[in-house]
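Data block below; observations after.
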Amino acid sequence: MAQTKTITPATKIDADLARRLLSQMLLSRRFEEKAAEMYALGKIGGFLHLYIGQEAVGVGATSVLRADDYAISAYREHGHCLAKGSDPRRVMAELFGRRDGLSKGKGGSMHLFDKSKNFLGGHAIVGAHLPIAAGAAFAIKYQGGDQVVLCYFGDGAVPQGEFHESLNLAALWKLPVIYICENNRYAMGTAIHRALAQTEIWRYAETYGIAGEAVDGMDVLAVREVVARAVERARREQAPSLLEARTYRFRGHSMRDPSAAVYRTKEEVGREKERDPIKLFRERCLKGGVLTEAEIRTLEKEVNDLVDEAVAFADASPEPPLEWLTAEVYKE
Amino acid sequence: MAVMTYREALNLALREEMHRDPRVFLIGEEIGLYDGAYKVTQGLLKEFGERRVVDTPICESGFTGVAVGAAMLGLRPVVEMMTFNFSILALDQIVNSAAKLYYMSGGQYSVPMVIRGPGGPAHQLAAQHSQSMEVYFYHVPGLKVVRPSTPRDAKGLLKSAIRDDNPVIFIEAETLYGIKGEVPDDPEFTIPLGKAEIRREGTDVTVFAYMGMMYRALEVAEELAKEGISCEVVDPRTLRPMDIETMIGSVRKTHRAVVVEAGAGFAGMGSEIAAFVTENAFDDLDAPVERITGANAPMPYAKNLEQAKTPSKEKIIATIRRVCSA
Ligand SMILES: Cc1ncc(C[n+]2csc(CCOP(=O)(O)OP(=O)(O)O)c2C)c(N)n1
Ligand SMILES: [Mg+2]
């Protein structure tokens, strides 16, 4: 079983791929920075869990999926949903609670769903979507398809029973599912060593006899490589994997925990920000001569425009009509 | 029309629906190789194979979640809870996932699944294996809840539940698996969800009851008829959505209503029925609605205590006499 991978690419990165990865990470970052502003303005309510710092995981992982593959996540899922190809305007409208939101304004930040992109949601009960991911993989197998399911979850889901139930079932039934734990070392204020007897999360794979790998989650290319292998195993052999992407969230647990001062130090956060996945990849692309400063500035401008457009769209979208309160409780 | 047991009627419904729709599959503990803890799925593994009759390890939350995920992708899982006592290990998947996904995805992902198995009072199985579980579910918007009292209903309602596009909680009864009754052979025979059934017509008092209590109410009606009290026994069959129209219609006719339920009374089905009867038909009532419920205690093991736990015939008779003399 492999250990943490850090890849210094000997071979030159393809420029198109670099542009795509960088632009998607930038989109996730700018989108959420803007969302935080909108939250402060009262345009967005409830919980808002930012993915800032973890973008390399969602972007790297999604970049090796086919469009007809599935992804499913917990409540810190804006980045996963955007990476899967959802329209940023409709994602922002959902955060605003407007009728043009992906879930018609009825789900909010924690419940983004996009059937047209095979994005199976946004689930806010820690651990609950892991068996659902196994079920989606079960359905793929039942129907004789060759898609895979990518299931993101946090380190906080690992001590839950459903993590273990799901790995057991996925291994037992050989389901095409990739469980990718985004280990950002905290579940709210609980550091992993206060929650897990075994903090090397990828090692739980051994117990269930499946492949397990850990990867530097700040390195988008490393994530790509590890997830690509897991996708291959799932698609060709219908073998599940447990991946651990070691990452860090730069912001508080949610907008209600902005300072994050009690359970981790400023120094620690500062140190981790040095390894900002966007900064690392940007530098690598520049150093390797894959992209120029000017090209990157163009990308940034495009992304900023997209996000501004998303905000304008969300703001212009009407509130859901009151009849929707009791609509679609049941499918008729 | 064939005469068969309640258990056979369920088995037939499963078989017919599995033949009819290749998306239907069964999942649960001991349903395949073991033929079902209560033999409801007997022979189905042999007939349909392991792809469609899936034995699971003991992990209610896990396999119920698997069913939710499979339903999101268009399959139609029928989950067996070995008994409904164990369903609360899956309560989060049922309440927070199955019941909510359609709504909170803005109508994108429906969850067409059935969760079925025996529930309600059993024989001397004590507190953890003998209880009315429907209360945990019928409060939840997004779920439908069925309690089928007869073999005919078992078949017709299970088929409708499987064809329904929503999560349906279908609670059978261990104590009824052996009862016999007439069941239509027609594979297209179904009973729509949300329709109550008048089991016995009467003019003096409406008695609402389902499952074991429905049979007890029928016995009571027979006895009271001898003293000139005419009971109308109404079985809601589906607890959510409830057929308020038929139920209120009966009260408008008899002007009196009594609810008999096996479960503990506090915030039980009787509370809900009493509330909507009062809200909708207060002016038609000649007496307050009365509830006859199980004792507010866990189910004891000792035979005499167990018997005292659920409403006795004597208690039901006494209550109805009192209501009718008002
Ligand atoms: C079953 C359950 N218990 C508690 C919570 C409250 N809660 C929300 S997020 C969270 C921490 C989860 O941390 P982790 O899985 O590591 O994800 P991260 O926030 O780091 O992305 C907790 C305890 C919940 N949503 N669900
Ligand atoms: Mg975490």
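To be explicit about the labels: the chains of the structure tokens are called A, B, and onward in the order shown, and within each one the residues are counted from 1, while ligands get numbers from 1 in the order they are shown.
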What does the list of residues within 7 Å of ligand 2 look like if you count only C-alpha atoms and all ligand atoms, written as a short mmCIF file (atom, residue, chain, number, x, y, z; two decimals) with N, CA and C atoms, in the first residue's frame?
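Heads up, here's the output in selection.cif:
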data_model
loop_
_atom_site.label_atom_id
_atom_site.label_comp_id
_atom_site.auth_asym_id
_atom_site.auth_seq_id
_atom_site.Cartn_x
_atom_site.Cartn_y
_atom_site.Cartn_z
N GLY A 154 -15.18 13.89 5.09
CA GLY A 154 -14.14 14.46 5.95
C GLY A 154 -13.59 13.44 6.93
N ASP A 155 -12.52 13.80 7.59
CA ASP A 155 -11.94 12.94 8.63
C ASP A 155 -12.94 12.71 9.76
N GLY A 156 -13.90 13.64 9.89
CA GLY A 156 -14.90 13.50 10.95
C GLY A 156 -15.86 12.35 10.72
N GLU A 182 -11.09 13.65 2.73
CA GLU A 182 -10.34 14.90 2.74
C GLU A 182 -9.95 15.16 4.19
N ASN A 183 -8.77 14.69 4.51
CA ASN A 183 -8.30 14.82 5.89
C ASN A 183 -7.71 16.21 6.09
N ASN A 184 -8.53 17.10 6.62
CA ASN A 184 -8.03 18.46 6.92
C ASN A 184 -7.68 18.58 8.40
N ARG A 185 -7.58 17.43 9.02
CA ARG A 185 -7.07 17.29 10.41
C ARG A 185 -8.03 17.78 11.48
N TYR A 186 -9.16 18.31 11.11
CA TYR A 186 -10.13 18.76 12.12
C TYR A 186 -11.56 18.41 11.71
N ALA A 187 -12.33 18.02 12.68
CA ALA A 187 -13.78 17.94 12.54
C ALA A 187 -14.30 19.01 13.48
N MET A 188 -14.76 20.10 12.91
CA MET A 188 -15.02 21.31 13.69
C MET A 188 -13.77 21.62 14.52
#
Please give the complete set of residues from stretch 83-192 of chain B that DSSP, run on the backbone, assigns to strand (DSSP E or B), formatted as a list in words.
->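 So the strand (DSSP E or B) residues in stretch 83-192 of chain B would be Val114, Ile115, Arg116, Gly117, Pro118, Gly120, Gln131, Lys144, Val145, Val146, Val168, Ile169, Phe170, Ile171, Glu172, Lys180, Gly181, Glu182 and Val183 of chain B.
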Within 9 Å of ligand 1, which residues show up when you count only C-alpha atoms and all ligand atoms? List them as a ChimeraX atom specification, please.
-> /A:49-51,74-77,123-128,153-158,160,181-192,248-249,253-254 /B:92
Deliver the residues from the most recent selection as a file, using C-alpha atoms, as an mmCIF file, in the first residue's frame.
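Output file again19.cif follows:
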data_model
loop_
_atom_site.group_PDB
_atom_site.id
_atom_site.type_symbol
_atom_site.label_atom_id
_atom_site.label_comp_id
_atom_site.auth_asym_id
_atom_site.auth_seq_id
_atom_site.Cartn_x
_atom_site.Cartn_y
_atom_site.Cartn_z
ATOM 1 C CA HIS A 49 -18.709 25.861 4.944
ATOM 2 C CA LEU A 50 -15.880 27.061 2.781
ATOM 3 C CA TYR A 51 -13.625 24.695 0.869
ATOM 4 C CA ALA A 74 -20.968 16.136 2.435
ATOM 5 C CA TYR A 75 -21.845 19.774 3.182
ATOM 6 C CA ARG A 76 -18.497 21.363 2.241
ATOM 7 C CA GLU A 77 -19.305 20.704 -1.374
ATOM 8 C CA HIS A 123 -25.450 15.707 2.508
ATOM 9 C CA ALA A 124 -25.282 17.274 5.930
ATOM 10 C CA ILE A 125 -25.400 14.323 8.300
ATOM 11 C CA VAL A 126 -21.809 13.306 8.848
ATOM 12 C CA GLY A 127 -21.265 9.803 7.438
ATOM 13 C CA ALA A 128 -24.735 9.330 5.970
ATOM 14 C CA PHE A 153 -16.016 12.921 3.050
ATOM 15 C CA GLY A 154 -14.140 14.459 5.950
ATOM 16 C CA ASP A 155 -11.943 12.935 8.630
ATOM 17 C CA GLY A 156 -14.902 13.500 10.948
ATOM 18 C CA ALA A 157 -16.851 10.723 9.213
ATOM 19 C CA VAL A 158 -14.218 8.077 9.895
ATOM 20 C CA GLN A 160 -18.873 6.973 12.374
ATOM 21 C CA CYS A 181 -11.310 11.266 2.684
ATOM 22 C CA GLU A 182 -10.336 14.898 2.741
ATOM 23 C CA ASN A 183 -8.304 14.822 5.890
ATOM 24 C CA ASN A 184 -8.031 18.457 6.916
ATOM 25 C CA ARG A 185 -7.070 17.292 10.406
ATOM 26 C CA TYR A 186 -10.131 18.758 12.117
ATOM 27 C CA ALA A 187 -13.777 17.935 12.535
ATOM 28 C CA MET A 188 -15.020 21.314 13.686
ATOM 29 C CA GLY A 189 -12.720 21.832 16.663
ATOM 30 C CA THR A 190 -11.715 18.218 17.166
ATOM 31 C CA ALA A 191 -8.259 17.364 15.901
ATOM 32 C CA ILE A 192 -7.968 13.861 14.444
ATOM 33 C CA TYR A 248 -6.126 21.780 5.348
ATOM 34 C CA ARG A 249 -8.980 24.216 5.551
ATOM 35 C CA HIS A 253 -15.329 25.377 10.136
ATOM 36 C CA SER A 254 -18.154 27.565 8.871
ATOM 37 C CA ASP B 92 -31.320 8.613 9.938
#
In stretch 135-193 of chain A, DSSP helix (DSSP H, G or I) residues written as a ChimeraX atom specification | /A:135-142,155-157,161-172,192-193
Selected residues written out, N, CA, C and O atoms, as an mmCIF file, in the first residue's frame:
data_model
loop_
_atom_site.group_PDB
_atom_site.id
_atom_site.type_symbol
_atom_site.label_atom_id
_atom_site.label_comp_id
_atom_site.auth_asym_id
_atom_site.auth_seq_id
_atom_site.Cartn_x
_atom_site.Cartn_y
_atom_site.Cartn_z
ATOM 1 N N GLY A 135 -24.595 2.579 -2.568
ATOM 2 C CA GLY A 135 -25.845 2.237 -3.255
ATOM 3 C C GLY A 135 -25.844 2.685 -4.706
ATOM 4 O O GLY A 135 -26.341 1.977 -5.585
ATOM 5 N N ALA A 136 -25.274 3.861 -4.964
ATOM 6 C CA ALA A 136 -25.172 4.325 -6.351
ATOM 7 C C ALA A 136 -24.278 3.366 -7.133
ATOM 8 O O ALA A 136 -24.590 2.975 -8.269
ATOM 9 N N ALA A 137 -23.170 2.950 -6.504
ATOM 10 C CA ALA A 137 -22.267 2.005 -7.157
ATOM 11 C C ALA A 137 -22.958 0.652 -7.351
ATOM 12 O O ALA A 137 -22.773 -0.020 -8.379
ATOM 13 N N PHE A 138 -23.772 0.275 -6.387
ATOM 14 C CA PHE A 138 -24.559 -0.966 -6.503
ATOM 15 C C PHE A 138 -25.462 -0.881 -7.734
ATOM 16 O O PHE A 138 -25.565 -1.832 -8.517
ATOM 17 N N ALA A 139 -26.102 0.277 -7.903
ATOM 18 C CA ALA A 139 -27.023 0.446 -9.036
ATOM 19 C C ALA A 139 -26.270 0.387 -10.367
ATOM 20 O O ALA A 139 -26.758 -0.190 -11.340
ATOM 21 N N ILE A 140 -25.090 0.967 -10.407
ATOM 22 C CA ILE A 140 -24.283 0.921 -11.635
ATOM 23 C C ILE A 140 -23.992 -0.529 -11.999
ATOM 24 O O ILE A 140 -24.160 -0.955 -13.140
ATOM 25 N N LYS A 141 -23.574 -1.286 -11.007
ATOM 26 C CA LYS A 141 -23.241 -2.688 -11.229
ATOM 27 C C LYS A 141 -24.493 -3.480 -11.645
ATOM 28 O O LYS A 141 -24.447 -4.294 -12.564
ATOM 29 N N TYR A 142 -25.590 -3.214 -10.959
ATOM 30 C CA TYR A 142 -26.865 -3.887 -11.240
ATOM 31 C C TYR A 142 -27.277 -3.657 -12.684
ATOM 32 O O TYR A 142 -27.777 -4.542 -13.368
ATOM 33 N N ASP A 155 -12.521 13.801 7.594
ATOM 34 C CA ASP A 155 -11.943 12.935 8.630
ATOM 35 C C ASP A 155 -12.940 12.707 9.759
ATOM 36 O O ASP A 155 -12.889 11.697 10.452
ATOM 37 N N GLY A 156 -13.899 13.637 9.890
ATOM 38 C CA GLY A 156 -14.902 13.500 10.948
ATOM 39 C C GLY A 156 -15.862 12.355 10.722
ATOM 40 O O GLY A 156 -16.550 11.918 11.660
ATOM 41 N N ALA A 157 -15.939 11.830 9.493
ATOM 42 C CA ALA A 157 -16.851 10.723 9.213
ATOM 43 C C ALA A 157 -16.226 9.372 9.545
ATOM 44 O O ALA A 157 -16.922 8.362 9.640
ATOM 45 N N GLY A 161 -20.056 4.865 12.406
ATOM 46 C CA GLY A 161 -20.329 3.490 11.994
ATOM 47 C C GLY A 161 -20.528 3.358 10.495
ATOM 48 O O GLY A 161 -20.085 2.394 9.877
ATOM 49 N N GLU A 162 -21.178 4.330 9.894
ATOM 50 C CA GLU A 162 -21.502 4.201 8.469
ATOM 51 C C GLU A 162 -20.262 4.183 7.582
ATOM 52 O O GLU A 162 -20.294 3.616 6.495
ATOM 53 N N PHE A 163 -19.174 4.788 8.028
ATOM 54 C CA PHE A 163 -17.914 4.676 7.281
ATOM 55 C C PHE A 163 -17.533 3.208 7.186
ATOM 56 O O PHE A 163 -17.243 2.678 6.115
ATOM 57 N N HIS A 164 -17.573 2.529 8.332
ATOM 58 C CA HIS A 164 -17.138 1.132 8.374
ATOM 59 C C HIS A 164 -18.152 0.219 7.693
ATOM 60 O O HIS A 164 -17.778 -0.716 6.988
ATOM 61 N N GLU A 165 -19.418 0.501 7.880
ATOM 62 C CA GLU A 165 -20.451 -0.300 7.209
ATOM 63 C C GLU A 165 -20.281 -0.193 5.690
ATOM 64 O O GLU A 165 -20.399 -1.171 4.958
ATOM 65 N N SER A 166 -19.994 1.020 5.233
ATOM 66 C CA SER A 166 -19.893 1.248 3.790
ATOM 67 C C SER A 166 -18.660 0.585 3.194
ATOM 68 O O SER A 166 -18.733 -0.030 2.132
ATOM 69 N N LEU A 167 -17.523 0.728 3.868
ATOM 70 C CA LEU A 167 -16.310 0.094 3.334
ATOM 71 C C LEU A 167 -16.488 -1.414 3.300
ATOM 72 O O LEU A 167 -16.087 -2.082 2.345
ATOM 73 N N ASN A 168 -17.102 -1.949 4.347
ATOM 74 C CA ASN A 168 -17.326 -3.390 4.386
ATOM 75 C C ASN A 168 -18.209 -3.834 3.224
ATOM 76 O O ASN A 168 -17.886 -4.774 2.497
ATOM 77 N N LEU A 169 -19.325 -3.140 3.017
ATOM 78 C CA LEU A 169 -20.251 -3.531 1.947
ATOM 79 C C LEU A 169 -19.608 -3.340 0.570
ATOM 80 O O LEU A 169 -19.736 -4.192 -0.307
ATOM 81 N N ALA A 170 -18.915 -2.227 0.392
ATOM 82 C CA ALA A 170 -18.292 -1.951 -0.911
ATOM 83 C C ALA A 170 -17.252 -3.019 -1.234
ATOM 84 O O ALA A 170 -17.129 -3.468 -2.381
ATOM 85 N N ALA A 171 -16.498 -3.440 -0.209
ATOM 86 C CA ALA A 171 -15.476 -4.465 -0.416
ATOM 87 C C ALA A 171 -16.130 -5.828 -0.637
ATOM 88 O O ALA A 171 -15.772 -6.574 -1.549
ATOM 89 N N LEU A 172 -17.129 -6.126 0.189
ATOM 90 C CA LEU A 172 -17.816 -7.417 0.127
ATOM 91 C C LEU A 172 -18.487 -7.621 -1.228
ATOM 92 O O LEU A 172 -18.440 -8.699 -1.812
ATOM 93 N N ILE A 192 -7.799 15.305 14.670
ATOM 94 C CA ILE A 192 -7.968 13.861 14.444
ATOM 95 C C ILE A 192 -7.398 13.002 15.567
ATOM 96 O O ILE A 192 -7.969 11.975 15.886
ATOM 97 N N HIS A 193 -6.309 13.435 16.188
ATOM 98 C CA HIS A 193 -5.752 12.569 17.239
ATOM 99 C C HIS A 193 -6.659 12.514 18.470
ATOM 100 O O HIS A 193 -6.502 11.648 19.317
#
Skipping near chain neighbours, those fewer than 6 positions away, what residues fall within 12 Å of B:Ile229 using only C-alpha atoms, listed as number ranges by chain?
-> B: 201-207, 220-223, 254, 256, 317-318, 320-325
Could you write out that same residue set with C-alpha atoms as an mmCIF file, in the first residue's frame?
data_model
loop_
_atom_site.group_PDB
_atom_site.id
_atom_site.type_symbol
_atom_site.label_atom_id
_atom_site.label_comp_id
_atom_site.auth_asym_id
_atom_site.auth_seq_id
_atom_site.Cartn_x
_atom_site.Cartn_y
_atom_site.Cartn_z
ATOM 1 C CA GLU B 201 -70.867 -0.993 8.645
ATOM 2 C CA GLY B 202 -72.677 0.430 11.634
ATOM 3 C CA THR B 203 -74.708 3.411 12.754
ATOM 4 C CA ASP B 204 -73.966 4.219 16.429
ATOM 5 C CA VAL B 205 -70.197 4.632 16.736
ATOM 6 C CA THR B 206 -67.136 4.586 14.498
ATOM 7 C CA VAL B 207 -64.262 2.472 15.782
ATOM 8 C CA VAL B 220 -66.249 -6.292 19.996
ATOM 9 C CA ALA B 221 -68.664 -5.081 17.312
ATOM 10 C CA GLU B 222 -70.131 -8.559 17.085
ATOM 11 C CA GLU B 223 -70.713 -8.657 20.822
ATOM 12 C CA THR B 254 -72.417 7.668 13.469
ATOM 13 C CA ARG B 256 -69.369 9.049 17.776
ATOM 14 C CA ILE B 317 -66.482 -2.711 25.174
ATOM 15 C CA ALA B 318 -66.711 -0.617 28.330
ATOM 16 C CA ILE B 320 -67.849 2.092 23.627
ATOM 17 C CA ARG B 321 -70.786 1.552 25.979
ATOM 18 C CA ARG B 322 -69.878 4.723 27.808
ATOM 19 C CA VAL B 323 -69.454 6.730 24.598
ATOM 20 C CA CYS B 324 -72.770 5.479 23.274
ATOM 21 C CA SER B 325 -74.658 6.295 26.426
#
Non-local contacts of stretch 190-196 of chain B (8 Å; only C-alpha atoms; under 2 positions in same chain excluded) as JSON, numbers by chain | {"B": [146, 153, 155, 156, 157, 159, 160, 161, 188, 198, 234, 235, 236, 237, 238, 239, 240, 241, 242, 243, 246, 247]}
Using N, CA and C atoms, can you write the selected residues to a file as a compact mmCIF listing (two decimals), in the first residue's frame?
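Result written to out09.txt:
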# COMPACT_ATOMS: atom_id res chain seq x y z
N VAL B 146 -47.77 2.48 5.69
CA VAL B 146 -48.85 1.54 5.46
C VAL B 146 -48.89 0.49 6.56
N ASP B 153 -55.20 -6.95 1.54
CA ASP B 153 -54.54 -5.65 1.65
C ASP B 153 -53.02 -5.80 1.56
N LYS B 155 -51.30 -7.84 -0.12
CA LYS B 155 -50.87 -7.95 -1.52
C LYS B 155 -51.09 -6.64 -2.27
N GLY B 156 -52.31 -6.15 -2.19
CA GLY B 156 -52.65 -4.98 -2.99
C GLY B 156 -51.88 -3.73 -2.60
N LEU B 157 -51.65 -3.58 -1.32
CA LEU B 157 -50.94 -2.38 -0.86
C LEU B 157 -49.43 -2.49 -1.07
N LYS B 159 -47.99 -4.02 -3.51
CA LYS B 159 -47.76 -3.75 -4.93
C LYS B 159 -47.81 -2.25 -5.22
N SER B 160 -48.76 -1.58 -4.62
CA SER B 160 -48.82 -0.12 -4.81
C SER B 160 -47.60 0.57 -4.21
N ALA B 161 -47.16 0.07 -3.07
CA ALA B 161 -45.99 0.67 -2.41
C ALA B 161 -44.76 0.54 -3.31
N GLU B 188 -52.56 -7.51 -11.90
CA GLU B 188 -52.75 -6.06 -11.96
C GLU B 188 -53.62 -5.54 -10.80
N ILE B 198 -63.90 0.43 5.16
CA ILE B 198 -64.91 0.19 6.20
C ILE B 198 -65.07 -1.32 6.34
N VAL B 234 -63.65 1.06 11.07
CA VAL B 234 -62.92 1.64 9.94
C VAL B 234 -61.42 1.42 10.12
N ASP B 235 -60.82 0.84 9.08
CA ASP B 235 -59.39 0.54 9.09
C ASP B 235 -58.69 1.55 8.18
N PRO B 236 -57.86 2.41 8.74
CA PRO B 236 -57.22 3.43 7.87
C PRO B 236 -56.30 2.84 6.81
N ARG B 237 -55.69 1.70 7.08
CA ARG B 237 -54.78 0.98 6.17
C ARG B 237 -53.51 1.76 5.83
N THR B 238 -53.67 2.97 5.32
CA THR B 238 -52.50 3.82 5.12
C THR B 238 -52.56 4.91 6.19
N LEU B 239 -51.51 5.04 6.97
CA LEU B 239 -51.52 6.03 8.05
C LEU B 239 -51.04 7.39 7.55
N ARG B 240 -50.24 7.35 6.49
CA ARG B 240 -49.84 8.59 5.85
C ARG B 240 -49.64 8.32 4.38
N PRO B 241 -50.34 8.97 3.45
CA PRO B 241 -51.40 9.93 3.71
C PRO B 241 -52.65 9.22 4.23
N MET B 242 -53.37 9.86 5.12
CA MET B 242 -54.53 9.24 5.73
C MET B 242 -55.79 9.65 4.98
N ASP B 243 -56.71 8.71 4.87
CA ASP B 243 -57.95 8.94 4.13
C ASP B 243 -58.95 9.66 5.05
N THR B 246 -62.90 9.55 4.11
CA THR B 246 -63.69 8.38 4.49
C THR B 246 -63.89 8.33 6.00
N MET B 247 -62.85 8.66 6.72
CA MET B 247 -62.91 8.55 8.18
C MET B 247 -63.88 9.58 8.77
Name the residues in contact with stretch 14-23 of chain A at a cut-off of 7 Å, using only C-alpha atoms, excluding same-chain residues fewer than 4 positions from it; report them as a list in words.
->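 Skipping anything fewer than 4 positions along the chain leaves Leu27, Val59, Val290, Leu291, Leu299 and Val303 of chain A.
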Between A:Leu306, A:Ile296, A:Val311, A:Met110, which has the minimum distance to chain B (counting only C-alpha atoms)?
->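 Between A:Leu306, A:Ile296, A:Val311, A:Met110, the residue approaching chain B most closely is A:Met110.
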Between A:Gln238, A:Gln54, A:Thr62, A:Asn118, single out the one closest to A:Gly145, counting only C-alpha atoms.
->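 Smallest separation from A:Gly145 among the options: A:Gln238.
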For the atom pair atom CA of B:Leu26 and atom CA of B:Val40, what is the interatomic distance in Å to one decimal place?
->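 Atom CA of B:Val40 lies at a distance of 11.4 Å from atom CA of B:Leu26.
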Once you count only C-alpha atoms, which residues of chain B turn out to be within 6 Å of chain A? Could you give them as a count of residues only?
-> 13
